[in-house]
Structures are given as structure tokens and as C-alpha cells.
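Here the structure comes first, spelled out in C-alpha cells, and everything after it is commentary.
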Amino acid sequence: MLQDLGFLAFTLPHVEILVPTKKPRGEELTREQQRANQVLTYRRLRSEHVNSSVMLLSQRCAAIAA
């Protein structure tokens, strides 16, 4: 499960929570941490696009049915 800071208290048993690594104050992320954050960003972006498409489709169906 991809998770952002808005849902830190939400957990499910037997589900791996994926959260990007935050940059420490005054330091930089390692190359591995940067790459892991990029992978998570790509996965989150794809999920957001699917969510947006579903929402638009449901709005169009509701408009047609009205």
C-alpha cells in the first residue's frame, strides 16, 4: 500500500506500507533513497491517474443518467 503523511494512522494487517524517505534536515538523501522515492512516485502517479479516470467516467455516467 502506498501511503502519504495524511494517513499515517491507517494500517491493515499483513499489508506492507510504502512511504517515501524524507530528507534529513541539513543532509541529502543517498542515491538508493532517491531512486526508491522515484519508484514510489511513479507508482503513486499511475494510481492517481487511474483514480482520476474512474472519477471522470462516473461523473459522465451520472450526467447521462440524469
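Just so we're on the same page: first chain in the C-alpha cells is A, next is B, and so on; residues restart at 1 for each chain, and ligands are numbered from 1 in the order they show up.
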
With only C-alpha atoms as the counted atoms, please give the residues lying no more than 10 Å from segment 34-40 of chain A, apart from itself and same-chain residues fewer than 3 positions off, as a list of chain:residue names.
A:Leu2, A:Gln3, A:Leu18, A:Val19, A:Pro20, A:Thr21, A:Lys22, A:Lys23, A:Glu28, A:Leu29, A:Thr30, A:Arg31, A:Arg43, A:Arg44, A:Leu45, A:Arg46

Taking the backbone alone, and naming residues the way the document does, which bits of chain A are helix (DSSP H, G or I) by DSSP, as a PyMOL selection string?
chain A and resi 5-7+31-65

Interatomic distance, atom CA of Pro13 of chain A to atom CA of Val50 of chain A (Å, one decimal):
25.0 Å

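The space separating atom CA of Thr41 of chain A from atom CA of Ser53 of chain A comes to 18.3 Å.
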